[in-house]
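Below is final24.pdb, which holds PDB, C-alpha atoms.
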ATOM      1  CA  MET A   1      23.245  19.550 -51.830
ATOM      2  CA  LYS A   2      20.626  20.519 -49.300
ATOM      3  CA  LYS A   3      18.136  18.074 -50.835
ATOM      4  CA  LEU A   4      20.724  15.290 -50.576
ATOM      5  CA  LEU A   5      21.260  16.076 -46.904
ATOM      6  CA  LEU A   6      17.500  16.038 -46.398
ATOM      7  CA  VAL A   7      17.237  12.561 -47.945
ATOM      8  CA  MET A   8      20.091  11.272 -45.788
ATOM      9  CA  LEU A   9      18.506  12.723 -42.658
ATOM     10  CA  LEU A  10      15.148  11.133 -43.439
ATOM     11  CA  VAL A  11      16.770   7.736 -44.009
ATOM     12  CA  LEU A  12      18.553   7.910 -40.669
ATOM     13  CA  CYS A  13      15.376   8.907 -38.876
ATOM     14  CA  VAL A  14      13.104   6.218 -40.364
ATOM     15  CA  PRO A  15      13.413   3.748 -37.426
ATOM     16  CA  VAL A  16      12.770   6.529 -34.901
ATOM     17  CA  LEU A  17       9.852   7.970 -36.855
ATOM     18  CA  ALA A  18       8.314   4.544 -37.253
ATOM     19  CA  GLN A  19       8.212   4.196 -33.468
ATOM     20  CA  ALA A  20       7.357   7.814 -32.577
ATOM     21  CA  GLU A  21       4.876   8.571 -35.356
ATOM     22  CA  ASP A  22       1.805   7.956 -33.229
ATOM     23  CA  TYR A  23       3.222   9.309 -29.949
ATOM     24  CA  VAL A  24       1.180  12.264 -28.732
ATOM     25  CA  VAL A  25       3.156  15.004 -26.996
ATOM     26  CA  GLY A  26       1.966  16.001 -23.532
ATOM     27  CA  GLU A  27       2.643  18.616 -20.890
ATOM     28  CA  GLY A  28       6.010  18.109 -19.200
ATOM     29  CA  ASP A  29       7.595  16.212 -22.110
ATOM     30  CA  THR A  30      11.115  17.239 -23.082
ATOM     31  CA  LEU A  31      11.703  17.681 -26.825
ATOM     32  CA  ALA A  32      14.867  18.197 -28.866
ATOM     33  CA  VAL A  33      14.562  20.499 -31.878
ATOM     34  CA  HIS A  34      17.358  20.630 -34.443
ATOM     35  CA  VAL A  35      17.434  22.822 -37.537
ATOM     36  CA  TRP A  36      20.024  21.557 -39.983
ATOM     37  CA  GLY A  37      22.920  24.017 -40.397
ATOM     38  CA  GLU A  38      21.489  26.453 -37.827
ATOM     39  CA  GLU A  39      23.241  25.728 -34.535
ATOM     40  CA  GLU A  40      21.651  28.727 -32.811
ATOM     41  CA  LEU A  41      18.253  27.113 -33.373
ATOM     42  CA  LYS A  42      19.302  23.795 -31.844
ATOM     43  CA  THR A  43      17.539  23.494 -28.476
ATOM     44  CA  SER A  44      15.803  21.265 -26.001
ATOM     45  CA  VAL A  45      12.494  22.447 -24.582
ATOM     46  CA  ILE A  46      10.042  21.333 -21.942
ATOM     47  CA  VAL A  47       6.383  21.519 -22.884
ATOM     48  CA  ARG A  48       4.779  23.899 -20.406
ATOM     49  CA  PRO A  49       1.666  23.125 -18.310
ATOM     50  CA  ASP A  50      -0.365  25.182 -20.799
ATOM     51  CA  GLY A  51       0.744  22.773 -23.534
ATOM     52  CA  LYS A  52       2.950  25.275 -25.356
ATOM     53  CA  MET A  53       6.673  25.298 -26.151
ATOM     54  CA  SER A  54       9.009  28.208 -26.766
ATOM     55  CA  MET A  55      11.801  28.587 -29.338
ATOM     56  CA  PRO A  56      14.038  31.525 -30.268
ATOM     57  CA  GLY A  57      12.714  33.728 -33.065
ATOM     58  CA  ILE A  58       9.152  32.380 -33.302
ATOM     59  CA  ASP A  59       5.910  32.655 -31.352
ATOM     60  CA  ASP A  60       4.977  29.987 -28.843
ATOM     61  CA  VAL A  61       3.724  26.778 -30.421
ATOM     62  CA  MET A  62       0.989  24.534 -29.036
ATOM     63  CA  ALA A  63       2.777  21.190 -28.728
ATOM     64  CA  ALA A  64       0.526  19.145 -26.447
ATOM     65  CA  GLY A  65      -1.932  16.970 -28.304
ATOM     66  CA  LYS A  66       0.175  16.766 -31.463
ATOM     67  CA  THR A  67       2.207  13.868 -32.781
ATOM     68  CA  LEU A  68       5.895  14.514 -33.477
ATOM     69  CA  PRO A  69       5.358  14.662 -37.290
ATOM     70  CA  GLN A  70       2.535  17.172 -36.810
ATOM     71  CA  LEU A  71       4.676  19.323 -34.538
ATOM     72  CA  LYS A  72       7.606  19.109 -36.956
ATOM     73  CA  LYS A  73       5.381  20.347 -39.797
ATOM     74  CA  GLU A  74       4.167  23.340 -37.772
ATOM     75  CA  LEU A  75       7.689  24.262 -36.642
ATOM     76  CA  THR A  76       8.947  24.015 -40.227
ATOM     77  CA  GLU A  77       6.268  26.470 -41.350
ATOM     78  CA  LYS A  78       7.081  28.949 -38.580
ATOM     79  CA  LEU A  79      10.853  28.642 -38.959
ATOM     80  CA  SER A  80      10.616  29.233 -42.708
ATOM     81  CA  GLN A  81      10.134  32.878 -41.783
ATOM     82  CA  LEU A  82      13.688  32.855 -40.429
ATOM     83  CA  VAL A  83      15.454  30.205 -42.516
ATOM     84  CA  LYS A  84      14.977  29.362 -46.175
ATOM     85  CA  ASP A  85      13.761  25.781 -46.643
ATOM     86  CA  PRO A  86      14.558  24.717 -43.049
ATOM     87  CA  ILE A  87      15.284  21.063 -42.394
ATOM     88  CA  VAL A  88      13.722  20.466 -38.984
ATOM     89  CA  ASN A  89      13.986  17.402 -36.788
ATOM     90  CA  VAL A  90      11.929  16.974 -33.595
ATOM     91  CA  SER A  91      12.643  14.097 -31.228
ATOM     92  CA  LEU A  92      11.449  13.024 -27.799
ATOM     93  CA  LEU A  93      14.098  13.218 -25.083
ATOM     94  CA  LYS A  94      11.942  12.496 -22.040
ATOM     95  CA  SER A  95       8.307  11.579 -21.754
ATOM     96  CA  VAL A  96       5.969  12.078 -18.822
ATOM     97  CA  ASN A  97       2.972  11.531 -21.049
ATOM     98  CA  SER A  98       3.574   7.808 -21.583
ATOM     99  CA  ARG A  99       2.709   6.619 -18.113
ATOM    100  CA  VAL A 100       0.309   4.031 -16.788
ATOM    101  CA  TYR A 101      -0.890   3.917 -13.213
ATOM    102  CA  VAL A 102      -1.046   0.816 -11.025
ATOM    103  CA  VAL A 103      -3.522   1.171  -8.145
ATOM    104  CA  GLY A 104      -5.600  -0.935  -5.793
ATOM    105  CA  GLY A 105      -5.065  -2.559  -2.424
ATOM    106  CA  GLY A 106      -3.478  -5.682  -3.900
ATOM    107  CA  VAL A 107      -0.166  -3.988  -4.726
ATOM    108  CA  GLN A 108       1.858  -0.919  -3.805
ATOM    109  CA  PRO A 109       0.500   1.962  -5.938
ATOM    110  CA  GLN A 110       3.024   3.114  -8.532
ATOM    111  CA  VAL A 111       3.509   4.960 -11.794
ATOM    112  CA  TYR A 112       5.000   2.959 -14.663
ATOM    113  CA  ASP A 113       6.918   4.871 -17.347
ATOM    114  CA  MET A 114       6.497   3.272 -20.752
ATOM    115  CA  LEU A 115       9.830   3.797 -22.488
ATOM    116  CA  GLN A 116       8.710   1.532 -25.322
ATOM    117  CA  ARG A 117       5.589  -0.277 -26.456
ATOM    118  CA  THR A 118       4.361  -2.023 -23.343
ATOM    119  CA  THR A 119       1.793  -4.716 -22.682
ATOM    120  CA  LEU A 120      -0.208  -5.513 -19.572
ATOM    121  CA  LEU A 121       1.923  -8.587 -18.871
ATOM    122  CA  HIS A 122       5.108  -6.458 -18.915
ATOM    123  CA  VAL A 123       3.689  -4.275 -16.155
ATOM    124  CA  LEU A 124       2.304  -7.164 -14.084
ATOM    125  CA  ALA A 125       5.709  -8.852 -14.187
ATOM    126  CA  SER A 126       7.412  -5.706 -12.877
ATOM    127  CA  VAL A 127       5.223  -4.624  -9.953
ATOM    128  CA  GLY A 128       6.493  -7.242  -7.494
ATOM    129  CA  THR A 129       4.547  -9.959  -5.751
ATOM    130  CA  LEU A 130       0.877 -10.326  -6.633
ATOM    131  CA  ASP A 131       0.065 -12.720  -3.795
ATOM    132  CA  SER A 132      -2.285 -10.193  -2.194
ATOM    133  CA  ALA A 133      -3.990  -9.172  -5.449
ATOM    134  CA  ASP A 134      -7.270 -10.607  -6.659
ATOM    135  CA  LEU A 135      -6.380 -11.125 -10.321
ATOM    136  CA  SER A 136      -9.846 -12.372 -11.215
ATOM    137  CA  LYS A 137     -11.357  -9.004 -10.230
ATOM    138  CA  SER A 138      -8.625  -6.832 -11.731
ATOM    139  CA  TYR A 139      -9.098  -4.646 -14.799
ATOM    140  CA  VAL A 140      -7.590  -1.996 -17.089
ATOM    141  CA  TYR A 141      -9.475   1.310 -17.121
ATOM    142  CA  ARG A 142      -9.148   3.557 -20.184
ATOM    143  CA  ASN A 143     -11.091   6.639 -21.264
ATOM    144  CA  GLY A 144     -13.910   6.005 -18.846
ATOM    145  CA  LYS A 145     -14.420   2.286 -19.396
ATOM    146  CA  LYS A 146     -12.940  -1.142 -18.674
ATOM    147  CA  VAL A 147     -11.042  -2.511 -21.673
ATOM    148  CA  MET A 148      -9.707  -5.698 -20.061
ATOM    149  CA  SER A 149     -10.944  -7.644 -17.024
ATOM    150  CA  ASP A 150      -9.759 -10.723 -15.112
ATOM    151  CA  PHE A 151      -5.966 -11.132 -15.322
ATOM    152  CA  SER A 152      -5.890 -14.618 -13.790
ATOM    153  CA  GLY A 153      -5.753 -16.476 -17.091
ATOM    154  CA  LEU A 154      -3.040 -14.213 -18.486
ATOM    155  CA  PHE A 155      -0.728 -14.077 -15.496
ATOM    156  CA  SER A 156      -1.318 -17.374 -13.699
ATOM    157  CA  LYS A 157      -2.227 -19.729 -16.550
ATOM    158  CA  GLY A 158      -0.125 -18.438 -19.437
ATOM    159  CA  GLU A 159      -3.057 -17.445 -21.654
ATOM    160  CA  PHE A 160      -0.863 -14.930 -23.480
ATOM    161  CA  GLU A 161      -3.420 -14.325 -26.219
ATOM    162  CA  LYS A 162      -5.290 -12.240 -23.634
ATOM    163  CA  ASP A 163      -2.404  -9.784 -23.301
ATOM    164  CA  ILE A 164      -3.165  -6.239 -24.472
ATOM    165  CA  GLN A 165      -0.995  -3.284 -25.439
ATOM    166  CA  LEU A 166      -1.254  -0.440 -22.958
ATOM    167  CA  GLU A 167      -1.815   3.200 -23.838
ATOM    168  CA  PRO A 168      -0.666   6.349 -21.995
ATOM    169  CA  GLY A 169      -2.989   7.168 -19.124
ATOM    170  CA  ASP A 170      -4.245   3.610 -18.621
ATOM    171  CA  MET A 171      -5.059   2.663 -15.023
ATOM    172  CA  ILE A 172      -4.448  -0.902 -13.890
ATOM    173  CA  PHE A 173      -6.640  -1.766 -10.925
ATOM    174  CA  LEU A 174      -5.512  -4.672  -8.724
ATOM    175  CA  PRO A 175      -7.836  -5.070  -5.718
ATOM    176  CA  VAL A 176      -6.801  -6.867  -2.581
ATOM    177  CA  LYS A 177      -7.734 -10.511  -2.248
ATOM    178  CA  TYR A 178      -9.742 -10.391   0.950
ATOM    179  CA  ASP A 179     -10.049 -14.123   1.514
ATOM    180  CA  ARG A 180      -6.628 -15.601   0.864
ATOM    181  CA  ASN A 181      -6.792 -18.614   3.163
ATOM    182  CA  VAL A 182      -7.921 -22.221   3.343
ATOM    183  CA  PHE A 183      -9.032 -23.607   6.684
ATOM    184  CA  VAL A 184      -8.514 -27.159   7.988
ATOM    185  CA  ILE A 185     -10.773 -27.893  10.948
ATOM    186  CA  GLY A 186     -12.347 -30.782  12.815
ATOM    187  CA  ALA A 187     -10.710 -34.048  13.775
ATOM    188  CA  VAL A 188      -7.095 -33.274  12.874
ATOM    189  CA  ASN A 189      -4.139 -32.929  15.220
ATOM    190  CA  GLN A 190      -3.368 -29.365  14.102
ATOM    191  CA  PRO A 191      -6.389 -27.377  12.907
ATOM    192  CA  LYS A 192      -4.810 -24.774  10.694
ATOM    193  CA  THR A 193      -5.244 -21.690   8.541
ATOM    194  CA  ILE A 194      -3.242 -22.092   5.328
ATOM    195  CA  PHE A 195      -2.261 -19.293   2.956
ATOM    196  CA  PHE A 196      -3.900 -19.999  -0.399
ATOM    197  CA  TYR A 197      -1.891 -20.197  -3.616
ATOM    198  CA  GLU A 198      -2.754 -21.356  -7.112
ATOM    199  CA  GLY A 199      -2.434 -25.131  -7.363
ATOM    200  CA  LEU A 200      -3.045 -25.867  -3.669
ATOM    201  CA  THR A 201      -4.693 -29.294  -3.305
ATOM    202  CA  VAL A 202      -6.563 -30.987  -0.498
ATOM    203  CA  LEU A 203      -3.611 -33.335   0.079
ATOM    204  CA  ASP A 204      -1.241 -30.351   0.435
ATOM    205  CA  ALA A 205      -3.538 -28.871   3.056
ATOM    206  CA  LEU A 206      -3.924 -32.131   4.982
ATOM    207  CA  LEU A 207      -0.162 -32.638   5.114
ATOM    208  CA  GLN A 208       0.279 -29.150   6.582
ATOM    209  CA  ALA A 209      -2.386 -29.859   9.210
ATOM    210  CA  GLY A 210      -0.701 -33.049  10.371
ATOM    211  CA  SER A 211      -2.364 -36.404  10.763
ATOM    212  CA  PHE A 212      -5.965 -37.126  11.695
ATOM    213  CA  SER A 213      -6.822 -37.293  15.362
ATOM    214  CA  LYS A 214      -7.586 -40.699  16.871
ATOM    215  CA  TYR A 215     -11.295 -39.917  16.720
ATOM    216  CA  ALA A 216     -11.361 -38.967  13.040
ATOM    217  CA  ASN A 217     -13.245 -40.678  10.273
ATOM    218  CA  GLU A 218     -10.248 -41.277   8.015
ATOM    219  CA  ASN A 219     -12.340 -42.584   5.142
ATOM    220  CA  GLU A 220     -13.848 -39.282   4.076
ATOM    221  CA  ILE A 221     -13.643 -35.526   4.561
ATOM    222  CA  ALA A 222     -15.733 -32.649   3.249
ATOM    223  CA  ILE A 223     -14.686 -29.473   1.486
ATOM    224  CA  ILE A 224     -17.158 -26.693   2.238
ATOM    225  CA  ARG A 225     -17.095 -24.071  -0.503
ATOM    226  CA  LYS A 226     -19.092 -20.926  -1.163
ATOM    227  CA  GLU A 227     -20.295 -20.517  -4.747
ATOM    228  CA  GLY A 228     -22.109 -17.229  -5.129
ATOM    229  CA  ASP A 229     -24.858 -17.165  -2.539
ATOM    230  CA  LYS A 230     -24.829 -20.937  -2.123
ATOM    231  CA  GLN A 231     -22.716 -23.264  -0.019
ATOM    232  CA  VAL A 232     -21.697 -26.603  -1.473
ATOM    233  CA  SER A 233     -20.086 -29.653   0.053
ATOM    234  CA  ILE A 234     -17.496 -31.669  -1.889
ATOM    235  CA  ARG A 235     -16.806 -35.152  -0.550
ATOM    236  CA  VAL A 236     -13.255 -36.506  -0.711
ATOM    237  CA  LYS A 237     -12.486 -40.176  -0.108
ATOM    238  CA  THR A 238      -9.298 -39.666   1.844
ATOM    239  CA  LYS A 239      -8.616 -43.356   2.335
ATOM    240  CA  ASP A 240      -8.508 -43.863  -1.445
ATOM    241  CA  LEU A 241      -6.349 -40.745  -1.851
ATOM    242  CA  ILE A 242      -3.782 -41.404   0.885
ATOM    243  CA  LYS A 243      -3.587 -45.184   0.987
ATOM    244  CA  LYS A 244      -4.442 -46.127  -2.599
ATOM    245  CA  GLY A 245      -2.972 -43.093  -4.385
ATOM    246  CA  ASP A 246      -6.223 -42.209  -6.142
ATOM    247  CA  LEU A 247      -5.354 -38.729  -7.413
ATOM    248  CA  THR A 248      -8.865 -38.140  -8.705
ATOM    249  CA  GLN A 249      -9.671 -37.414  -5.064
ATOM    250  CA  ASN A 250      -6.945 -34.756  -4.805
ATOM    251  CA  VAL A 251      -9.266 -31.791  -5.326
ATOM    252  CA  LEU A 252      -7.867 -28.378  -6.264
ATOM    253  CA  LEU A 253      -8.765 -25.934  -3.539
ATOM    254  CA  GLN A 254     -10.087 -22.397  -3.808
ATOM    255  CA  ALA A 255      -9.496 -19.463  -1.491
ATOM    256  CA  GLY A 256     -11.999 -19.560   1.351
ATOM    257  CA  ASP A 257     -12.480 -23.343   1.323
ATOM    258  CA  TYR A 258     -13.033 -25.151   4.623
ATOM    259  CA  ILE A 259     -11.713 -28.709   4.915
ATOM    260  CA  VAL A 260     -13.728 -30.488   7.570
ATOM    261  CA  ALA A 261     -12.548 -33.766   9.074
ATOM    262  CA  SER A 262     -15.461 -35.299  10.924
ATOM    263  CA  GLU A 263     -15.275 -37.647  13.864
ATOM    264  CA  SER A 264     -16.091 -41.318  13.539
ATOM    265  CA  PHE A 265     -19.028 -42.718  15.461
ATOM    266  CA  PHE A 266     -17.264 -46.064  15.931
TER     267      PHE A 266
END

With the file now loaded, output its structure as structure tokens.
Amino acid sequence: MKKLLLVMLLVLCVPVLAQAEDYVVGEGDTLAVHVWGEEELKTSVIVRPDGKMSMPGIDDVMAAGKTLPQLKKELTEKLSQLVKDPIVNVSLLKSVNSRVYVVGGGVQPQVYDMLQRTTLLHVLASVGTLDSADLSKSYVYRNGKKVMSDFSGLFSKGEFEKDIQLEPGDMIFLPVKYDRNVFVIGAVNQPKTIFFYEGLTVLDALLQAGSFSKYANENEIAIIRKEGDKQVSIRVKTKDLIKKGDLTQNVLLQAGDYIVASESFF
């Protein structure tokens, strides 16, 4: 009869074991221990800071660093001194060992509790606005090294194949985006600083800055852009863009770009 109950218990626990098999117990985790038919041995315990757990009738057991199946095996061996052929079940009630840490000036620092298998995209989608974060310079830090860098393709461009599964203790670093503006200067009615966002075009910026001044050269403007240690100038034929609808002239802007409308000499 006892063997039949054991089989039934194992069948019921298969989905849980499949998910918890590789979970490693840590200090502060809360575990539920149930010995079939022995109500006095049914208990919930918190793993102490020294990594050990206590149960009635047996010596302290080192729980931290073990998977749930490993811990179950050790408890079964120790409890066999009290109960003949004990049927032991160990489950995770609360985990403080399955956390990842979100840091950096680009977001509010926070601790993310992984209640299930979690990917980087899940966390990025839950931390709030990322407008101030420099995704291109962000990374995941694990066991002393970077395992994933540059989140811009994943989060902003839908390159979901770059998503990775997170592990307990991972640190997600999201630095602040120091230069988050585009500047429209020169011969325009409203020289302006514009908050940069993905997809911002030169036409968007010009519309926000108002029309050209009466002294402007309306045929052409320049986008001044820094690329590494060099400065480049990109010419835009504004007359073709605005009056002829030539969208090939509608250049995608980058943070830090300067749009310069020069004055006409005639």

Using the chain letters and numbering of this document, enumerate as a compact mmCIF listing (two decimals) with C-alpha atoms, in the frame of the given file the residues selected by the PyMOL selection byres ((chain A and resi 218) around 12).
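Output (expr39.txt):
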# COMPACT_ATOMS: atom_id res chain seq x y z
CA GLY A 186 -12.35 -30.78 12.82
CA ALA A 187 -10.71 -34.05 13.78
CA VAL A 188 -7.10 -33.27 12.87
CA LEU A 206 -3.92 -32.13 4.98
CA SER A 211 -2.36 -36.40 10.76
CA PHE A 212 -5.96 -37.13 11.70
CA SER A 213 -6.82 -37.29 15.36
CA LYS A 214 -7.59 -40.70 16.87
CA TYR A 215 -11.30 -39.92 16.72
CA ALA A 216 -11.36 -38.97 13.04
CA ASN A 217 -13.24 -40.68 10.27
CA ASN A 219 -12.34 -42.58 5.14
CA GLU A 220 -13.85 -39.28 4.08
CA ILE A 221 -13.64 -35.53 4.56
CA ALA A 222 -15.73 -32.65 3.25
CA VAL A 236 -13.26 -36.51 -0.71
CA LYS A 237 -12.49 -40.18 -0.11
CA THR A 238 -9.30 -39.67 1.84
CA LYS A 239 -8.62 -43.36 2.34
CA ASP A 240 -8.51 -43.86 -1.44
CA LEU A 241 -6.35 -40.74 -1.85
CA ILE A 242 -3.78 -41.40 0.88
CA LYS A 243 -3.59 -45.18 0.99
CA VAL A 260 -13.73 -30.49 7.57
CA ALA A 261 -12.55 -33.77 9.07
CA SER A 262 -15.46 -35.30 10.92
CA GLU A 263 -15.28 -37.65 13.86
CA SER A 264 -16.09 -41.32 13.54
CA PHE A 265 -19.03 -42.72 15.46
CA PHE A 266 -17.26 -46.06 15.93

- Query: Within 7 Å of Gln110 in chain A, counting all atoms listed in the file, which residues qualify if same-chain residues fewer than 5 places away don't, as a ChimeraX atom specification?
  - Reply: /A:101-103

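In this comparison, which uses only C-alpha atoms, the residue of A:Gln208, A:Ser91, A:Thr129, A:Thr119 approaching Val107 in chain A most closely is A:Thr129.
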
- Task: Take the PyMOL selection byres ((chain A and resi 259) around 12), apply it to the structure above, and return the hits as JSON, numbers by chain.
- Result: {"A": [181, 182, 183, 184, 185, 186, 187, 188, 191, 192, 193, 194, 201, 202, 203, 204, 205, 206, 209, 220, 221, 222, 223, 224, 225, 233, 234, 235, 236, 238, 251, 252, 253, 254, 255, 256, 257, 258, 260, 261, 262]}

- Query: Pick from A:Lys146, A:Met55, A:Tyr141, A:Ser156: nearest to Ala125 in chain A, with all atoms listed in the file counted?
  - Reply: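 Result for the nearest residue to Ala125 in chain A: A:Ser156.
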
- Message: When you count all atoms listed in the file, which of these residues is closest to Ser80 in chain A: A:Val35, A:Pro49, A:Thr67, A:Gly105?
- Response: A:Val35

- Query: If we count only C-alpha atoms, what is near Glu27 in chain A at a cut-off of 7 Å, once residues fewer than 2 positions away on the same chain are taken out, given as a list of chain:residue names?
  - Reply: A:Asp29, A:Val47, A:Arg48, A:Pro49, A:Gly51, A:Ala64

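Residues matched by the PyMOL selection byres ((chain A and resi 115) around 9) in this file: Lys94, Ser95, Ser98, Arg99, Asp113, Met114, Gln116, Arg117 and Thr118 of chain A.
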
- Task: Grab the CA of Phe160 in chain A to CA of Thr248 in chain A distance for me, in Å with one decimal place.
- Result: 28.7 Å

- Would you kindly return, as a list in words, each protein, DNA or RNA residue with an atom no farther than 9 Å from any atom of range 39-44 of chain A, considering all atoms listed in the file and excluding same-chain residues fewer than 4 positions away?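 Near neighbours after the sequence-gap exclusion: Thr30, Leu31, Ala32, Val33, His34, Val35, Met55, Pro56, Gly57 and Leu93 of chain A.
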
- Counting all atoms listed in the file, the option among A:Ala133, A:Val45, A:Leu82, A:Met62 closest to Val176 in chain A: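 Among the listed residues, the smallest separation from Val176 in chain A belongs to A:Ala133.
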
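When all atoms listed in the file are used to measure the gap to Asp163 in chain A, the shortest distance among A:Lys226, A:His122, A:Arg180, A:Lys84 belongs to A:His122.
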
- To one decimal in Å, tell me the separation between CA of Arg142 in chain A and CA of Phe173 in chain A. 11.0 Å
